[in-house]
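J.: One structure is given below, represented as structure tokens, and several questions about it will come after.
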Amino acid sequence: MKALLCTAFGPLEMLTIQEIPKPRPGPGQVLLDVKASSLNFPDALMAQGLYQVKPPLPFSPGTEMAGVIVETGTDVQGVKPGDRVIAIAGWGGFAEECAVDAGGLIPMPEGLDFDTGAAFLYTYETSLHGLRDRGRLKAGETLLVLGAAGGVGLAAIEIGKAMGALVIAAASSEDKLALCKQLGADETINYVSENLRDRINELTGRRGVDIVFDPVGGSYTETALRATAWCGRLLVVGFAGGDIPKIPINLALLKERSIVGTYLGESVKHDPEGHLRNVKQLVEWLAAGKVKPVISERVPLSEAAAAMKRMINRQVKGKVVILPEA
């Protein structure tokens with residue numbers, strides 16, 4: 001089968017399409033015929049050796065996928081060949097087939113296409129886990145989303161609105177902010193042409209925001225934290241900007257602020273019931289039309305590495321779906 005293979009950690013140009021043996025499902029696993037996978041920021045970091053998880057080499061990136069079960073290993077219950085499912089596998093999705101743990105499979109909602117299924121779960125569950133479980137977002141509070149036009153940022157906008165928040169979207173261009181408005185953002189900030197803190201003060205009457213959802217890092221993190229209200233919460237989601245900020249800890253003391261980590265992968269292991277609760281909520285919102293992934297590109301497997309580079313350079317809006325070669 002064909003797969004995008006990482007044989008050594010390094011520049012994304014080192015990734016190559018190769019013909020490799022078909023994987024076999026081990027105990028508790030299924031073999032998935034991958035119909036679509038989606039690109040997430042950790043995929044690009046993982047291939048460069050910059051993520052907190054380093055898979056054994058060689059490996060195929062690709063955290064999130066949707067497809068059809070073609071074979072089950074031993075000790076698998078509740079699913080069977082022919083079932084349409086969504087899977088978050090950690091890696092392996094940028095390939096024609098992938099062996100994944102059966103316990104983490106989510107049945108595809110009725111009527112959902114594979115592209116949407118592949119682009120749905122990872123970003124939306126990250127955002128919901130951050131906003132509800134870690135940030136304790138309440139209806140009527142003000143939410144600032146940094147990097148708002150990325151996949152996880154757009155999900156945070158929709159989820160924030162579904163939870164009753166006033167949402168301020170911050171991004172680097174007017175076309176990105178226009179997309180944020182389409183998805184329900186109440187206000188926007190262009191942090192290239194506008195002063196982030198001044199604009200937050202203007203929009204909130206100098207009160208500040210209650211929650212900052214930050215998948216970007218870099219210089220905007222401290223600025224946004226300084227512009228939070230009393231008992232404001234900064235959700236540390238990721239570092240798409242490339243730089244991990246060093247925050248003066250006295251900022252937490254001054255307004256009884258909280259700096260809160262959000263790490264979906266580990267949270268699923270520690271709170272599987274909470275994970276299933278969030279998935280159920282997201283599927284309900286999807287059926288009700290309150291959330292839906294924005295798919296900006298559909299590219300063949302051979303162009304996955306180039307799409308990763310565009311994501312790293314912040315040239316992607318929404319989600320990129322990777323399709324197997326015809």
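Identifiers in this document derive from the order of the structure tokens: chains are assigned A, B, ..., residues are numbered from 1 separately in each chain, and ligands are numbered from 1 in order of occurrence.
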Per DSSP on the backbone, filter region 59-174 of chain A down to the residues in strand (DSSP E) and report them as a PyMOL selection string.
T.: chain A and resi 64-72+84-88+97-101+106-107+142-145+166-171
J.: Grab the residues selected above and save them as a PDB file, in the first residue's frame with N, CA and C atoms.
T.:
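Written file, out04.pdb:
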ATOM      1  N   GLU A  64      -5.793  11.804  12.503  1.00  0.00           N
ATOM      2  CA  GLU A  64      -7.253  11.731  12.453  1.00  0.00           C
ATOM      3  C   GLU A  64      -7.707  11.229  11.091  1.00  0.00           C
ATOM      4  N   MET A  65      -8.666  10.307  11.085  1.00  0.00           N
ATOM      5  CA  MET A  65      -9.089   9.716   9.820  1.00  0.00           C
ATOM      6  C   MET A  65     -10.515   9.175   9.921  1.00  0.00           C
ATOM      7  N   ALA A  66     -11.068   8.884   8.755  1.00  0.00           N
ATOM      8  CA  ALA A  66     -12.365   8.213   8.679  1.00  0.00           C
ATOM      9  C   ALA A  66     -12.280   7.145   7.601  1.00  0.00           C
ATOM     10  N   GLY A  67     -12.976   6.037   7.818  1.00  0.00           N
ATOM     11  CA  GLY A  67     -12.902   4.965   6.837  1.00  0.00           C
ATOM     12  C   GLY A  67     -13.807   3.811   7.185  1.00  0.00           C
ATOM     13  N   VAL A  68     -13.505   2.663   6.582  1.00  0.00           N
ATOM     14  CA  VAL A  68     -14.325   1.462   6.729  1.00  0.00           C
ATOM     15  C   VAL A  68     -13.460   0.339   7.299  1.00  0.00           C
ATOM     16  N   ILE A  69     -13.961  -0.343   8.306  1.00  0.00           N
ATOM     17  CA  ILE A  69     -13.238  -1.470   8.897  1.00  0.00           C
ATOM     18  C   ILE A  69     -13.215  -2.623   7.899  1.00  0.00           C
ATOM     19  N   VAL A  70     -12.014  -3.157   7.640  1.00  0.00           N
ATOM     20  CA  VAL A  70     -11.892  -4.284   6.709  1.00  0.00           C
ATOM     21  C   VAL A  70     -11.495  -5.574   7.422  1.00  0.00           C
ATOM     22  N   GLU A  71     -10.955  -5.452   8.638  1.00  0.00           N
ATOM     23  CA  GLU A  71     -10.516  -6.646   9.371  1.00  0.00           C
ATOM     24  C   GLU A  71     -10.426  -6.294  10.850  1.00  0.00           C
ATOM     25  N   THR A  72     -10.710  -7.263  11.698  1.00  0.00           N
ATOM     26  CA  THR A  72     -10.579  -7.048  13.137  1.00  0.00           C
ATOM     27  C   THR A  72      -9.554  -8.020  13.710  1.00  0.00           C
ATOM     28  N   ARG A  84     -18.557   1.955   9.226  1.00  0.00           N
ATOM     29  CA  ARG A  84     -17.965   3.258   8.907  1.00  0.00           C
ATOM     30  C   ARG A  84     -17.630   3.962  10.220  1.00  0.00           C
ATOM     31  N   VAL A  85     -16.388   4.377  10.398  1.00  0.00           N
ATOM     32  CA  VAL A  85     -15.964   4.905  11.697  1.00  0.00           C
ATOM     33  C   VAL A  85     -15.019   6.091  11.519  1.00  0.00           C
ATOM     34  N   ILE A  86     -14.918   6.856  12.601  1.00  0.00           N
ATOM     35  CA  ILE A  86     -13.925   7.913  12.746  1.00  0.00           C
ATOM     36  C   ILE A  86     -12.892   7.416  13.746  1.00  0.00           C
ATOM     37  N   ALA A  87     -11.617   7.701  13.496  1.00  0.00           N
ATOM     38  CA  ALA A  87     -10.563   7.228  14.387  1.00  0.00           C
ATOM     39  C   ALA A  87      -9.544   8.332  14.630  1.00  0.00           C
ATOM     40  N   ILE A  88      -9.095   8.425  15.884  1.00  0.00           N
ATOM     41  CA  ILE A  88      -7.925   9.227  16.231  1.00  0.00           C
ATOM     42  C   ILE A  88      -6.856   8.231  16.664  1.00  0.00           C
ATOM     43  N   GLU A  97      -4.205   2.363   4.305  1.00  0.00           N
ATOM     44  CA  GLU A  97      -4.806   1.568   5.372  1.00  0.00           C
ATOM     45  C   GLU A  97      -4.054   1.840   6.670  1.00  0.00           C
ATOM     46  N   CYS A  98      -4.739   1.649   7.797  1.00  0.00           N
ATOM     47  CA  CYS A  98      -4.129   1.942   9.096  1.00  0.00           C
ATOM     48  C   CYS A  98      -4.709   1.004  10.147  1.00  0.00           C
ATOM     49  N   ALA A  99      -3.854   0.458  11.006  1.00  0.00           N
ATOM     50  CA  ALA A  99      -4.294  -0.348  12.145  1.00  0.00           C
ATOM     51  C   ALA A  99      -4.500   0.578  13.334  1.00  0.00           C
ATOM     52  N   VAL A 100      -5.704   0.561  13.908  1.00  0.00           N
ATOM     53  CA  VAL A 100      -6.033   1.475  14.999  1.00  0.00           C
ATOM     54  C   VAL A 100      -6.694   0.709  16.134  1.00  0.00           C
ATOM     55  N   ASP A 101      -6.594   1.249  17.339  1.00  0.00           N
ATOM     56  CA  ASP A 101      -7.218   0.629  18.501  1.00  0.00           C
ATOM     57  C   ASP A 101      -8.741   0.718  18.392  1.00  0.00           C
ATOM     58  N   ILE A 106     -15.115   5.916  16.821  1.00  0.00           N
ATOM     59  CA  ILE A 106     -16.416   6.577  16.952  1.00  0.00           C
ATOM     60  C   ILE A 106     -17.242   6.223  15.714  1.00  0.00           C
ATOM     61  N   PRO A 107     -18.441   5.667  15.877  1.00  0.00           N
ATOM     62  CA  PRO A 107     -19.267   5.379  14.705  1.00  0.00           C
ATOM     63  C   PRO A 107     -19.553   6.653  13.913  1.00  0.00           C
ATOM     64  N   THR A 142     -16.947  36.372  28.073  1.00  0.00           N
ATOM     65  CA  THR A 142     -16.296  36.815  26.842  1.00  0.00           C
ATOM     66  C   THR A 142     -15.078  35.940  26.576  1.00  0.00           C
ATOM     67  N   LEU A 143     -15.031  35.383  25.378  1.00  0.00           N
ATOM     68  CA  LEU A 143     -13.975  34.467  24.956  1.00  0.00           C
ATOM     69  C   LEU A 143     -13.164  35.113  23.839  1.00  0.00           C
ATOM     70  N   LEU A 144     -11.843  35.153  24.001  1.00  0.00           N
ATOM     71  CA  LEU A 144     -10.932  35.589  22.949  1.00  0.00           C
ATOM     72  C   LEU A 144     -10.259  34.358  22.352  1.00  0.00           C
ATOM     73  N   VAL A 145     -10.355  34.202  21.032  1.00  0.00           N
ATOM     74  CA  VAL A 145      -9.722  33.080  20.332  1.00  0.00           C
ATOM     75  C   VAL A 145      -8.561  33.617  19.506  1.00  0.00           C
ATOM     76  N   LEU A 166     -19.794  35.409  24.352  1.00  0.00           N
ATOM     77  CA  LEU A 166     -19.503  36.450  23.368  1.00  0.00           C
ATOM     78  C   LEU A 166     -18.084  36.173  22.866  1.00  0.00           C
ATOM     79  N   VAL A 167     -17.910  36.004  21.562  1.00  0.00           N
ATOM     80  CA  VAL A 167     -16.643  35.531  21.009  1.00  0.00           C
ATOM     81  C   VAL A 167     -15.942  36.633  20.226  1.00  0.00           C
ATOM     82  N   ILE A 168     -14.688  36.878  20.603  1.00  0.00           N
ATOM     83  CA  ILE A 168     -13.812  37.786  19.870  1.00  0.00           C
ATOM     84  C   ILE A 168     -12.767  36.936  19.160  1.00  0.00           C
ATOM     85  N   ALA A 169     -12.704  37.042  17.836  1.00  0.00           N
ATOM     86  CA  ALA A 169     -11.756  36.261  17.038  1.00  0.00           C
ATOM     87  C   ALA A 169     -10.581  37.141  16.648  1.00  0.00           C
ATOM     88  N   ALA A 170      -9.368  36.632  16.869  1.00  0.00           N
ATOM     89  CA  ALA A 170      -8.154  37.353  16.492  1.00  0.00           C
ATOM     90  C   ALA A 170      -7.389  36.523  15.468  1.00  0.00           C
ATOM     91  N   ALA A 171      -7.020  37.155  14.353  1.00  0.00           N
ATOM     92  CA  ALA A 171      -6.275  36.477  13.293  1.00  0.00           C
ATOM     93  C   ALA A 171      -5.428  37.503  12.550  1.00  0.00           C
TER      94      ALA A 171
END
J.: Give me, as a PDB file with C-alpha atoms, in the first residue's frame, all polymer residues having an atom no more than 7 Å from Glu96 (chain A), counting only C-alpha atoms and skipping those fewer than 6 positions away in the same chain.
T.:
ATOM      1  CA  MET A   1       0.000   0.000   0.000  1.00  0.00           C
ATOM      2  CA  LYS A   2       1.029   3.645  -0.394  1.00  0.00           C
ATOM      3  CA  ALA A   3       1.877   5.786   2.616  1.00  0.00           C
ATOM      4  CA  ASP A  33      -9.520   1.280   4.857  1.00  0.00           C
ATOM      5  CA  VAL A  34      -8.744   5.010   5.083  1.00  0.00           C
ATOM      6  CA  PRO A 324      -5.889   8.366  -0.866  1.00  0.00           C
TER       7      PRO A 324
END
J.: Just checking: using only C-alpha atoms, which residue out of A:Ile247, A:Gln18, A:Val192, A:Thr123 ends up closest to Ser302 (chain A)?
T.: A:Gln18
J.: Quick one: everything within 6 Å of Gly73 (chain A), counting only C-alpha atoms, minus sequence neighbours fewer than 3 positions away in the same chain. Send it as a list in words.
T.: Pro25, Gly26, Pro27, Gly28, Gln29 and Val30 of chain A
J.: Take the residues from that selection and write them out as a CSV table (one decimal), in the first residue's frame, keeping N, CA, C and O atoms.
T.:
chain,number,residue,atom,x,y,z
A,25,PRO,N,-3.9,-5.9,12.0
A,25,PRO,CA,-4.4,-5.5,13.3
A,25,PRO,C,-4.0,-6.4,14.4
A,25,PRO,O,-4.1,-7.7,14.3
A,26,GLY,N,-3.5,-5.9,15.5
A,26,GLY,CA,-3.1,-6.7,16.6
A,26,GLY,C,-4.3,-6.9,17.5
A,26,GLY,O,-5.4,-6.5,17.2
A,27,PRO,N,-4.1,-7.5,18.7
A,27,PRO,CA,-5.2,-7.7,19.7
A,27,PRO,C,-5.8,-6.3,20.0
A,27,PRO,O,-5.1,-5.4,20.3
A,28,GLY,N,-7.1,-6.3,20.0
A,28,GLY,CA,-7.8,-5.0,20.3
A,28,GLY,C,-7.8,-4.0,19.2
A,28,GLY,O,-8.2,-2.8,19.4
A,29,GLN,N,-7.3,-4.3,18.0
A,29,GLN,CA,-7.2,-3.4,16.9
A,29,GLN,C,-8.1,-3.8,15.7
A,29,GLN,O,-8.5,-4.9,15.6
A,30,VAL,N,-8.3,-2.8,14.9
A,30,VAL,CA,-9.0,-3.1,13.6
A,30,VAL,C,-8.1,-2.5,12.5
A,30,VAL,O,-7.3,-1.6,12.7
J.: So that I can check the surroundings of Leu282 (chain A), please list as a tab-separated table (two decimals) with N, CA and C atoms, in the first residue's frame every protein, DNA and RNA residue that reaches within 8 Å of it, counting only C-alpha atoms and ignoring chain neighbours fewer than 2 positions away.
T.:
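Full text of result.tsv as output:
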chain	number	residue	atom	x	y	z
A	124	TYR	N	-12.44	19.73	17.19
A	124	TYR	CA	-13.62	20.09	17.98
A	124	TYR	C	-13.54	19.54	19.41
A	125	GLU	N	-13.01	18.33	19.55
A	125	GLU	CA	-12.90	17.82	20.91
A	125	GLU	C	-11.82	18.56	21.69
A	278	ASN	N	-18.04	14.34	25.80
A	278	ASN	CA	-17.78	15.42	24.87
A	278	ASN	C	-18.08	15.01	23.43
A	279	VAL	N	-17.73	13.77	23.07
A	279	VAL	CA	-18.03	13.29	21.73
A	279	VAL	C	-19.54	13.29	21.49
A	280	LYS	N	-20.29	12.81	22.48
A	280	LYS	CA	-21.76	12.80	22.35
A	280	LYS	C	-22.30	14.21	22.14
A	284	GLU	N	-24.21	15.74	18.72
A	284	GLU	CA	-25.51	16.40	18.81
A	284	GLU	C	-25.47	17.78	18.18
A	285	TRP	N	-24.41	18.54	18.46
A	285	TRP	CA	-24.27	19.86	17.85
A	285	TRP	C	-24.11	19.77	16.34
A	286	LEU	N	-23.38	18.76	15.87
A	286	LEU	CA	-23.19	18.57	14.44
A	286	LEU	C	-24.53	18.29	13.76
A	291	VAL	N	-22.29	23.15	14.71
A	291	VAL	CA	-20.87	23.06	14.35
A	291	VAL	C	-20.75	22.29	13.05
J.: May I ask which of the residues A:Leu251, A:Ala305, A:Ala288, A:Leu323 is the closest one to Asp43 (chain A), counting only C-alpha atoms?
T.: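 Checking each candidate against Asp43 (chain A), we get A:Ala305 as the closest.
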J.: Using only C-alpha atoms, which residue out of A:Ile189, A:Ala119, A:Ile200, A:Ala306 lies closest to Lys35 (chain A)?
T.: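 That would be A:Ala119, the residue with the smallest distance to Lys35 (chain A).
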J.: Quick one: residues within 8 Å of Leu234 (chain A), only C-alpha atoms counted, chain neighbours fewer than 6 positions away excluded, as a list in words?
T.: Gly135, Ile211, Val212, Phe213, Asp214, Leu225, Arg257, Ser258, Ile259 and Val260 of chain A
J.: Taking only region 150-230 of chain A into account, list the residues labelled helix (DSSP H, G or I) by DSSP (computed from the backbone), as an MDAnalysis selection string.
T.: chainID A and resid 151:162 174:182 196:204 219:226
J.: My list of candidates is A:Lys309, A:Phe9, A:Gln281, A:Leu177. Which is closest to Arg132 (chain A) when distances are computed with only C-alpha atoms?
T.: A:Gln281
J.: Nearest to Cys231 (chain A) among A:Lys317, A:Lys176, A:Lys255, A:Lys80, with distances taken over only C-alpha atoms: which residue is it?
T.: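 Of A:Lys317, A:Lys176, A:Lys255, A:Lys80, the one nearest Cys231 (chain A), counting only C-alpha atoms, is A:Lys255.
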J.: Residues within 10 Å of Gly242 (chain A), please, as a list in words. Count only C-alpha atoms; anything in the same chain fewer than 2 positions from it doesn't count.
T.: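 What passes the distance filter is Leu45, Leu50, Val216, Gly217, Gly218, Gly238, Phe239, Ala240, Ile244, Pro245, Ile312 and Asn313 of chain A.
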J.: I need the chosen residues saved as a CSV table (one decimal), in the first residue's frame, with N, CA, C and O atoms.
T.:
chain,number,residue,atom,x,y,z
A,45,LEU,N,4.4,18.8,13.3
A,45,LEU,CA,5.4,18.9,14.4
A,45,LEU,C,6.0,17.5,14.6
A,45,LEU,O,7.2,17.4,14.8
A,50,LEU,N,9.4,17.7,16.7
A,50,LEU,CA,9.2,18.8,17.6
A,50,LEU,C,8.0,18.7,18.5
A,50,LEU,O,7.7,19.6,19.2
A,216,VAL,N,-1.6,29.4,19.6
A,216,VAL,CA,-0.6,30.1,18.9
A,216,VAL,C,0.7,30.2,19.6
A,216,VAL,O,1.8,29.9,19.1
A,217,GLY,N,0.6,30.7,20.9
A,217,GLY,CA,1.9,31.0,21.6
A,217,GLY,C,2.5,32.3,21.1
A,217,GLY,O,1.9,33.2,20.5
A,218,GLY,N,3.8,32.4,21.3
A,218,GLY,CA,4.6,33.6,20.8
A,218,GLY,C,4.2,34.8,21.6
A,218,GLY,O,3.8,34.8,22.8
A,238,GLY,N,-1.6,25.2,22.3
A,238,GLY,CA,-0.5,24.8,21.5
A,238,GLY,C,0.4,26.0,21.1
A,238,GLY,O,0.2,27.2,21.6
A,239,PHE,N,1.3,25.8,20.2
A,239,PHE,CA,2.3,26.8,19.9
A,239,PHE,C,2.5,26.9,18.4
A,239,PHE,O,3.7,26.7,17.9
A,240,ALA,N,1.4,27.1,17.6
A,240,ALA,CA,1.5,27.2,16.2
A,240,ALA,C,2.4,28.3,15.7
A,240,ALA,O,2.9,28.2,14.6
A,244,ILE,N,7.5,29.2,22.3
A,244,ILE,CA,6.9,28.9,23.6
A,244,ILE,C,7.1,30.1,24.5
A,244,ILE,O,8.2,30.4,24.8
A,245,PRO,N,6.0,30.9,24.8
A,245,PRO,CA,6.2,32.1,25.6
A,245,PRO,C,6.7,31.8,27.0
A,245,PRO,O,6.3,30.8,27.6
A,312,ILE,N,2.3,25.0,8.5
A,312,ILE,CA,3.3,25.6,9.3
A,312,ILE,C,3.5,27.1,9.1
A,312,ILE,O,3.8,27.9,10.0
A,313,ASN,N,3.4,27.5,7.8
A,313,ASN,CA,3.6,28.9,7.4
A,313,ASN,C,2.3,29.7,7.6
A,313,ASN,O,2.2,30.8,7.2
